[in-house]
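Trainee: I'd like to ask you about the structure that follows.
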Amino acid sequence: MKFLNLQIAIKSLIAIFFTAFIFQNTVLGQTTINQNDTDSLDKTLESVIISSNYLKSSEVIIPTTQLKKENFDRHSPKDLVNIMNQTAGVFIQQGAINTNRITIRGVGSRTLYGTNKIRAYFNGIPITNGVSETVINIFNPEDLESVEIVKGAKATQYGTNLGGTILLNSKTPKQGSSSIVNSLTLGSFGLMKNNIGGNYGGEKFSLHFDYDRFEQKGYRENSNFDRKNYFLLPTFYLSKKTEISLLFNYVDYFGQIPSSISKTDFEENPEKAAFTWKEAKGYEDQKQLFSAITLTHRFNSNFSNTTSVFYSKNENYEPRPFNILTENTDGLGTRTLFAVSLPSFFDAEISTGTEIYYDNYDWKTYENLYQQNNGNGSLEGNNLSKNIEKRWNYSVFATTTLQLSEKLSSQFGLNLNHTYYDYQNELDNSDINRKFEPILAPNISFTYSFSPQKSIYTNVSRGFNYPSLEETLTPNGLVNPKITAEKGWNYEIGTDLFFLKNNNLHFNLSAYLLQINGLLVAKRINEDQYIGRNAGKTSHKGLELSSDYTLKLNQNWLFQTFANGTLNFHEFVDFVDEEKDFSGNQLTGVPEKQLYAGFSLKQNKSFAFHFIYQHVGKMPMNDANLLYSEAYNLLNLKVDYQISLLNTIFIKASVGVDNLLNKKYASSILINATGFGNNEPRFYYSGLPRNYFGNLRFEYRF
């Protein structure tokens with residue numbers, strides 16, 4: 001197994017700096033500015049949309065979910081799952097630290113392992129690969145400043161996947177502020193997370209960097225995890241009009257895989273690993289590099305451009321009971337976005353651009369001879385397969401926002417996408433490809449404000465999800481020309497309401513209907529092979545409520561309460577699978593209802609108490625709706641205390657407990673599981689029992 005090494009990292013950094021040099025001498029060298037320009041620019045930049053706004057914001061005119069510091073502070077800094085599960089309409093199932101599935105409004109629930117059918121971006125740079133797979137656990141939550149979640153295909157400039165878009169945004173040092181930070185988290189089941197980083201905010205240069213080490217022994221058998229993460233984000237402010245930022249994220253982790261277990265084991269011995277996975281000592285040994293360079297240039301106060309060039313590399317060695325998988329993926333792409341403001345024409349804001357992505361996925365499988373290895377786990381045998389996949393994705397997009405009247409605003413978007421796959425089987429020298437028809441996805445939104453505190457909004461948008469390359473193949477390895485992208489229309493209406501003095505009481509209520517045609521269904525034909533087909537239609541209907549209330553008790557104490565609820569009415573409209581008619585059944589793998597609620601009690605910046613209640617309703621585990629998971633309720637607590645010394649040293653101590661009542665629950669469900677031989681089907685991933693954590697954070701500002 002050839003691992004990602006220092007030479008690759010050095011080459012990628014050289015490529016980044018070389019590109020920066022070319023930009024500086026060809027683009028920037030031709031730009032001249034005078035003092036009048038810069039004075040005018042400073043006065044207007046805050047009131048217009050510039051291209052760099054889109055790096056950390058969708059700029060969608062209807063409400064989206066913004067998770068910021070106060071949301072992060074409610075939970076342990078271990079991972080993003082609890083943080084993102086605060087969102088109405090979003091449900092993340094976690095089988096292990098390195099295994100999660102993100103579902104937005106029911107989209108993605110049929111993905112058996114991992115996350116697809118959404119798009120994700122880090123600082124405006126795509127982190128979703130060529131077959132729409134997204135992994136968010138390669139980023140350290142302590143590097144993040146905010147997370148924006150756009151539900152549905154409303155963010156035209158960020159793709160139009162049916163599930164929606166997730167924007168991860170890193171911390172950015174403030175000018176004139178510098179600090180060194182060390183954060184240590186210890187907890188149950190051998191949890192240890194140590195984060196060391198720093199920030200520098202200068203007039204011409206800023207820097208955010210850190211090193212993070214995360215270890216956990218795991219509650220279940222065969223579930224040890226060890227991750228090292230390096231992050232670097234320097235930004236060069238070359239002039240008032242031009243800046244260049246570099247991004248370097250490298251993660252190296254080893255994660256054992258306990259896999260799913262049967263109902264009997266879940267009820268009687270939930271800490272068990274699946275027998276064959278334990279015997280094979282299955283694991284992932286993965287190294288990932290993500291790097292980018294971004295140039296932003298403001299031609300004048302109303303016209304700007306942001307262009308990014310990015311490169312990623314992923315190497316994975318994964319022994320499973322049925323074989324050993326090796327993966328090597330190289331991804332390369334570019335994204336450019338122009339933003340234009342036309343104040344004289346309905347205060348128009350126009351953005352347009354393109355995104356091009358290509359990746360080369362080289363994967364092989366080998367025999368796993370663990371049964372012949374005297375109890376020592378996996379042993380590599382003969383080569384079983386040798387494959388190369390090449391995936392191209394092109395999109396062109398444009399969005400126009402108009403202020404039609406004092407109270408009515410509108411947004412019109414259009415995205416054109418074209419995707420192409422090429423597959424080479426190097427054992428039989430076959431080479432096949434599949435070009436999908438280009439898809440045009442429009443998006444229309446309106447917002448009407450009765451007052452600055454009360455508004456209604458509506459959206460109609462079209463989205464799509466392409467099948468993976470494997471889903472387009474028949475069991476014989478031939479292309480199935482009948483497989484197409486699943487497509488759907490999203491209809492949404494909602495209201496955003498603020499009440500009381502200082503808008504202390506806030507409600508957002510939305511209702512939506514998402515109708516998907518050509519539903520992609522993966523059929524398991526053996527332990528490691530699935531085929532896909534367009535099997536029918538689904539209807540996703542839902543109600544979502546987000547609310548929060550802030551009460552200032554006195555000069556020192558603040559009380560905040562919040563509640564985010566979801567009611568799902570998702571069903572198969574037309575779904576026939578091998579003569580079995582599931583039409584009218586509930587959509588598999590989606591809870592009927594969800595509630596995330598709680599309160600925070602804070603004393604200035606020194607003390608905080610957080611109480612969290614989470615309810616997840618029952619959900620169908622198979623398409624026939626014969627089996628349902630049990631609903632569960634979780635209580636989490638966290639207490640923070642912070643002191644400052646000389647206004648330069650800040651020490652914060654936190655303690656918390658998750659699953660306070662020690663409830664047994666399934667943190668993830670493998671839908672439509674089948675038993676091999678006479679064994680029970682393995683539907684369940686056991687959630688953590690009561691577990692504790694403590695965090696000590698030291699910050700020195702200078």
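Residue numbers start at 1 in each chain; chains themselves are named A, B, ... in the order of the structure tokens; ligands are numbered from 1 in the order shown.
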Could I get the residues of region 102-136 of chain A with an atom no further than 9 Å from an atom of region 533-557 of chain A, each paired with its nearest atom pair and that distance in Å to one decimal, using only C-alpha atoms, sorted by chain and residue number, as CSV?
Mentor:
```
residue,atom,partner,partner_atom,distance
A:Arg105,CA,A:His540,CA,7.1
A:Gly106,CA,A:His540,CA,6.9
A:Val107,CA,A:His540,CA,8.5
```
Trainee: Could you save those same residues with N, CA and C atoms as a CSV table (one decimal), in the first residue's frame?
Mentor:
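part-v6.csv, freshly written:
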```csv
chain,number,residue,atom,x,y,z
A,105,ARG,N,-34.3,16.6,4.9
A,105,ARG,CA,-35.7,16.5,4.4
A,105,ARG,C,-35.9,15.1,3.7
A,106,GLY,N,-35.3,14.1,4.3
A,106,GLY,CA,-35.5,12.8,3.8
A,106,GLY,C,-34.6,12.4,2.6
A,107,VAL,N,-34.0,13.3,2.0
A,107,VAL,CA,-33.1,13.0,0.9
A,107,VAL,C,-31.8,12.5,1.4
```
Trainee: Considering only C-alpha atoms, tabulate each residue of region 66-112 of chain A that lies at most 12 Å from region 601-604 of chain A along with its nearest interatomic pair and the corresponding distance in Å to one decimal; arrange the rows by chain and ascending residue number and present them as JSON lines.
Mentor:
```
{"residue": "A:Glu70", "atom": "CA", "partner": "A:Lys602", "partner_atom": "CA", "distance": 11.1}
{"residue": "A:Asp73", "atom": "CA", "partner": "A:Lys602", "partner_atom": "CA", "distance": 11.6}
{"residue": "A:Arg74", "atom": "CA", "partner": "A:Leu601", "partner_atom": "CA", "distance": 11.1}
```
Trainee: Restricting it to N, CA and C atoms, dump the selection as a PDB file, in the first residue's frame.
Mentor:
```pdb
ATOM      1  N   GLU A  70     -22.666  30.171  19.504  1.00  0.00           N
ATOM      2  CA  GLU A  70     -23.567  29.769  20.582  1.00  0.00           C
ATOM      3  C   GLU A  70     -24.087  28.347  20.378  1.00  0.00           C
ATOM      4  N   ASP A  73     -21.122  26.014  21.314  1.00  0.00           N
ATOM      5  CA  ASP A  73     -20.827  26.009  22.743  1.00  0.00           C
ATOM      6  C   ASP A  73     -21.721  25.057  23.535  1.00  0.00           C
ATOM      7  N   ARG A  74     -22.816  24.611  22.966  1.00  0.00           N
ATOM      8  CA  ARG A  74     -23.726  23.730  23.694  1.00  0.00           C
ATOM      9  C   ARG A  74     -23.210  22.295  23.796  1.00  0.00           C
TER      10      ARG A  74
END
```
Trainee: What's around region 678-690 of chain A at 6 Å? Count only C-alpha atoms, leave out sequence neighbours fewer than 3 positions away in its own chain, and write the answer as a ChimeraX atom specification.
Mentor: /A:95,260-262,270,658-660,662,665-670,673-675
Trainee: Based on DSSP run over this structure's backbone, return all residues of region 192-344 of chain A in strand (DSSP E or B), as a ChimeraX atom specification.
Mentor: /A:192-201,205-216,225-237,242-256,261,283-300,303-319,324-342
Trainee: Got time to write the residues from that selection, C-alpha atoms, as a compact mmCIF listing (two decimals), in the first residue's frame?
Mentor:
```txt
# COMPACT_ATOMS: atom_id res chain seq x y z
CA MET A 192 -8.66 12.52 24.30
CA LYS A 193 -8.71 15.51 21.97
CA ASN A 194 -5.88 18.04 22.10
CA ASN A 195 -5.99 21.09 19.87
CA ILE A 196 -3.09 23.55 19.57
CA GLY A 197 -3.43 26.56 17.30
CA GLY A 198 -2.86 30.21 16.72
CA ASN A 199 -4.19 33.29 14.96
CA TYR A 200 -2.54 36.40 13.61
CA GLY A 201 -4.49 39.31 12.16
CA PHE A 205 -1.38 39.31 6.31
CA SER A 206 -3.48 37.01 8.49
CA LEU A 207 -2.99 33.42 9.57
CA HIS A 208 -5.02 30.70 11.25
CA PHE A 209 -3.36 27.36 11.95
CA ASP A 210 -3.70 24.41 14.28
CA TYR A 211 -2.78 20.83 15.00
CA ASP A 212 -5.41 18.48 16.43
CA ARG A 213 -5.00 14.99 17.87
CA PHE A 214 -8.15 12.96 18.60
CA GLU A 215 -8.19 9.50 20.17
CA GLN A 216 -10.98 7.32 21.52
CA PHE A 225 -10.14 5.70 16.61
CA ASP A 226 -7.02 7.85 16.20
CA ARG A 227 -6.90 11.03 14.07
CA LYS A 228 -4.24 13.67 13.45
CA ASN A 229 -5.30 16.87 11.69
CA TYR A 230 -3.16 19.76 10.38
CA PHE A 231 -4.79 22.99 9.23
CA LEU A 232 -3.25 26.12 7.70
CA LEU A 233 -5.05 29.20 6.34
CA PRO A 234 -2.83 32.19 5.44
CA THR A 235 -4.33 35.23 3.70
CA PHE A 236 -2.35 37.95 1.92
CA TYR A 237 -3.99 41.40 1.56
CA THR A 242 -6.98 42.24 -3.91
CA GLU A 243 -6.38 39.35 -1.55
CA ILE A 244 -5.10 35.80 -1.89
CA SER A 245 -5.75 33.04 0.60
CA LEU A 246 -4.25 29.58 0.78
CA LEU A 247 -5.87 26.55 2.37
CA PHE A 248 -4.16 23.39 3.54
CA ASN A 249 -5.99 20.65 5.46
CA TYR A 250 -4.35 17.27 6.04
CA VAL A 251 -5.90 14.47 8.06
CA ASP A 252 -4.46 11.07 8.91
CA TYR A 253 -6.74 8.69 10.78
CA PHE A 254 -7.06 5.07 11.76
CA GLY A 255 -10.59 3.96 12.61
CA GLN A 256 -11.74 0.47 13.42
CA ILE A 261 -25.43 -5.81 14.68
CA TYR A 283 -10.65 -0.83 9.91
CA GLU A 284 -10.02 2.23 7.75
CA ASP A 285 -6.52 3.67 7.47
CA GLN A 286 -7.03 6.91 5.61
CA LYS A 287 -4.98 9.95 4.65
CA GLN A 288 -6.56 12.97 3.01
CA LEU A 289 -5.13 16.20 1.70
CA PHE A 290 -7.28 19.19 0.74
CA SER A 291 -5.55 22.30 -0.59
CA ALA A 292 -6.63 25.42 -2.44
CA ILE A 293 -5.72 28.92 -3.47
CA THR A 294 -8.37 31.64 -3.69
CA LEU A 295 -7.98 35.04 -5.31
CA THR A 296 -10.50 37.83 -4.76
CA HIS A 297 -10.25 41.04 -6.78
CA ARG A 298 -12.59 44.04 -6.62
CA PHE A 299 -12.47 45.83 -9.97
CA ASN A 300 -14.58 48.65 -8.50
CA PHE A 303 -17.88 44.52 -9.66
CA SER A 304 -15.71 41.76 -8.21
CA ASN A 305 -14.47 38.23 -8.83
CA THR A 306 -13.40 35.31 -6.66
CA THR A 307 -11.56 32.39 -8.24
CA SER A 308 -10.34 29.23 -6.53
CA VAL A 309 -8.13 26.40 -7.73
CA PHE A 310 -8.17 23.30 -5.54
CA TYR A 311 -6.55 19.89 -5.28
CA SER A 312 -7.39 16.93 -3.08
CA LYS A 313 -5.88 13.51 -2.51
CA ASN A 314 -7.28 10.58 -0.59
CA GLU A 315 -5.62 7.24 0.14
CA ASN A 316 -7.46 4.53 2.03
CA TYR A 317 -6.66 0.98 3.08
CA GLU A 318 -9.75 -0.82 4.34
CA PRO A 319 -9.81 -4.50 5.34
CA ILE A 324 -9.60 -5.73 1.36
CA LEU A 325 -10.21 -2.44 -0.42
CA THR A 326 -7.48 -0.01 -1.45
CA GLU A 327 -8.42 3.43 -2.77
CA ASN A 328 -6.43 6.28 -4.26
CA THR A 329 -8.30 9.40 -5.39
CA ASP A 330 -6.86 12.56 -6.94
CA GLY A 331 -9.22 15.48 -7.41
CA LEU A 332 -8.61 18.75 -9.21
CA GLY A 333 -10.92 21.63 -9.91
CA THR A 334 -11.55 25.32 -10.26
CA ARG A 335 -14.41 27.61 -9.37
CA THR A 336 -14.93 31.24 -10.35
CA LEU A 337 -17.71 33.63 -9.42
CA PHE A 338 -18.37 37.19 -10.59
CA ALA A 339 -20.59 39.51 -8.56
CA VAL A 340 -22.15 42.68 -9.96
CA SER A 341 -24.24 45.29 -8.14
CA LEU A 342 -26.60 47.54 -10.09
```
Trainee: So which residues touch region 55-64 of chain A within 6 Å, counting only C-alpha atoms, skipping near sequence neighbours fewer than 6 positions away, as a PDB file with N, CA, C and O atoms, in the first residue's frame?
Mentor:
```
ATOM      1  N   ASN A 123     -15.192  27.001   3.050  1.00  0.00           N
ATOM      2  CA  ASN A 123     -14.770  28.342   2.615  1.00  0.00           C
ATOM      3  C   ASN A 123     -15.069  28.571   1.133  1.00  0.00           C
ATOM      4  O   ASN A 123     -14.276  29.166   0.393  1.00  0.00           O
ATOM      5  N   GLY A 124     -16.226  28.080   0.695  1.00  0.00           N
ATOM      6  CA  GLY A 124     -16.653  28.281  -0.686  1.00  0.00           C
ATOM      7  C   GLY A 124     -16.022  27.350  -1.688  1.00  0.00           C
ATOM      8  O   GLY A 124     -16.257  27.487  -2.893  1.00  0.00           O
ATOM      9  N   VAL A 150     -28.433  24.937   3.810  1.00  0.00           N
ATOM     10  CA  VAL A 150     -29.494  25.328   2.880  1.00  0.00           C
ATOM     11  C   VAL A 150     -30.255  24.067   2.514  1.00  0.00           C
ATOM     12  O   VAL A 150     -29.708  23.152   1.902  1.00  0.00           O
ATOM     13  N   ASN A 169     -17.464  27.000   7.323  1.00  0.00           N
ATOM     14  CA  ASN A 169     -16.664  28.209   7.248  1.00  0.00           C
ATOM     15  C   ASN A 169     -15.649  28.240   8.387  1.00  0.00           C
ATOM     16  O   ASN A 169     -16.004  28.101   9.563  1.00  0.00           O
TER      17      ASN A 169
END
```
Trainee: DSSP on the backbone, then: every residue of region 133-360 of chain A marked alpha helix (DSSP H), written as JSON, numbers by chain.
Mentor: {"A": [263, 264, 265, 266, 267, 268, 275, 276, 277, 278, 279, 280]}
Trainee: Name the residues in contact with Phe412 (chain A) at a cut-off of 8 Å, using only C-alpha atoms, excluding same-chain residues fewer than 2 positions from it; report them as JSON, numbers by chain.
Mentor: {"A": [399, 400, 401, 410, 414, 442, 443, 444, 445]}
Trainee: Once you have the residues from the selection above, write them out as a PDB file, in the first residue's frame, restricted to N, CA, C and O atoms.
Mentor:
```
ATOM      1  N   THR A 399     -27.343  33.865 -10.705  1.00  0.00           N
ATOM      2  CA  THR A 399     -28.409  34.247  -9.778  1.00  0.00           C
ATOM      3  C   THR A 399     -28.586  35.765  -9.827  1.00  0.00           C
ATOM      4  O   THR A 399     -27.604  36.507  -9.839  1.00  0.00           O
ATOM      5  N   THR A 400     -29.843  36.201  -9.867  1.00  0.00           N
ATOM      6  CA  THR A 400     -30.155  37.630  -9.851  1.00  0.00           C
ATOM      7  C   THR A 400     -31.123  37.918  -8.710  1.00  0.00           C
ATOM      8  O   THR A 400     -32.158  37.258  -8.590  1.00  0.00           O
ATOM      9  N   THR A 401     -30.782  38.890  -7.891  1.00  0.00           N
ATOM     10  CA  THR A 401     -31.637  39.315  -6.783  1.00  0.00           C
ATOM     11  C   THR A 401     -32.124  40.728  -7.066  1.00  0.00           C
ATOM     12  O   THR A 401     -31.331  41.625  -7.365  1.00  0.00           O
ATOM     13  N   SER A 410     -36.991  39.551  -4.733  1.00  0.00           N
ATOM     14  CA  SER A 410     -37.058  38.297  -5.496  1.00  0.00           C
ATOM     15  C   SER A 410     -35.651  37.829  -5.832  1.00  0.00           C
ATOM     16  O   SER A 410     -34.696  38.603  -5.842  1.00  0.00           O
ATOM     17  N   LEU A 414     -30.359  29.989 -12.046  1.00  0.00           N
ATOM     18  CA  LEU A 414     -30.342  28.953 -13.071  1.00  0.00           C
ATOM     19  C   LEU A 414     -28.996  28.241 -13.001  1.00  0.00           C
ATOM     20  O   LEU A 414     -27.938  28.882 -12.963  1.00  0.00           O
ATOM     21  N   PRO A 442     -33.797  25.457 -12.574  1.00  0.00           N
ATOM     22  CA  PRO A 442     -34.169  26.831 -12.202  1.00  0.00           C
ATOM     23  C   PRO A 442     -34.522  26.936 -10.721  1.00  0.00           C
ATOM     24  O   PRO A 442     -34.828  25.939 -10.055  1.00  0.00           O
ATOM     25  N   ASN A 443     -34.531  28.153 -10.224  1.00  0.00           N
ATOM     26  CA  ASN A 443     -34.787  28.420  -8.816  1.00  0.00           C
ATOM     27  C   ASN A 443     -35.392  29.812  -8.695  1.00  0.00           C
ATOM     28  O   ASN A 443     -34.828  30.788  -9.198  1.00  0.00           O
ATOM     29  N   ILE A 444     -36.550  29.926  -8.055  1.00  0.00           N
ATOM     30  CA  ILE A 444     -37.238  31.210  -7.909  1.00  0.00           C
ATOM     31  C   ILE A 444     -37.660  31.376  -6.453  1.00  0.00           C
ATOM     32  O   ILE A 444     -38.286  30.482  -5.877  1.00  0.00           O
ATOM     33  N   SER A 445     -37.326  32.522  -5.862  1.00  0.00           N
ATOM     34  CA  SER A 445     -37.711  32.824  -4.480  1.00  0.00           C
ATOM     35  C   SER A 445     -38.288  34.230  -4.397  1.00  0.00           C
ATOM     36  O   SER A 445     -37.846  35.138  -5.106  1.00  0.00           O
TER      37      SER A 445
END
```
Trainee: Need the shell around Asn417 (chain A): protein/DNA/RNA residues with any atom at most 12 Å away, counting only C-alpha atoms. Skip same-chain ones fewer than 2 positions apart. Format as a ChimeraX atom specification?
Mentor: /A:156-161,354-357,392-397,414-415,419-420,435-442,463-466,485
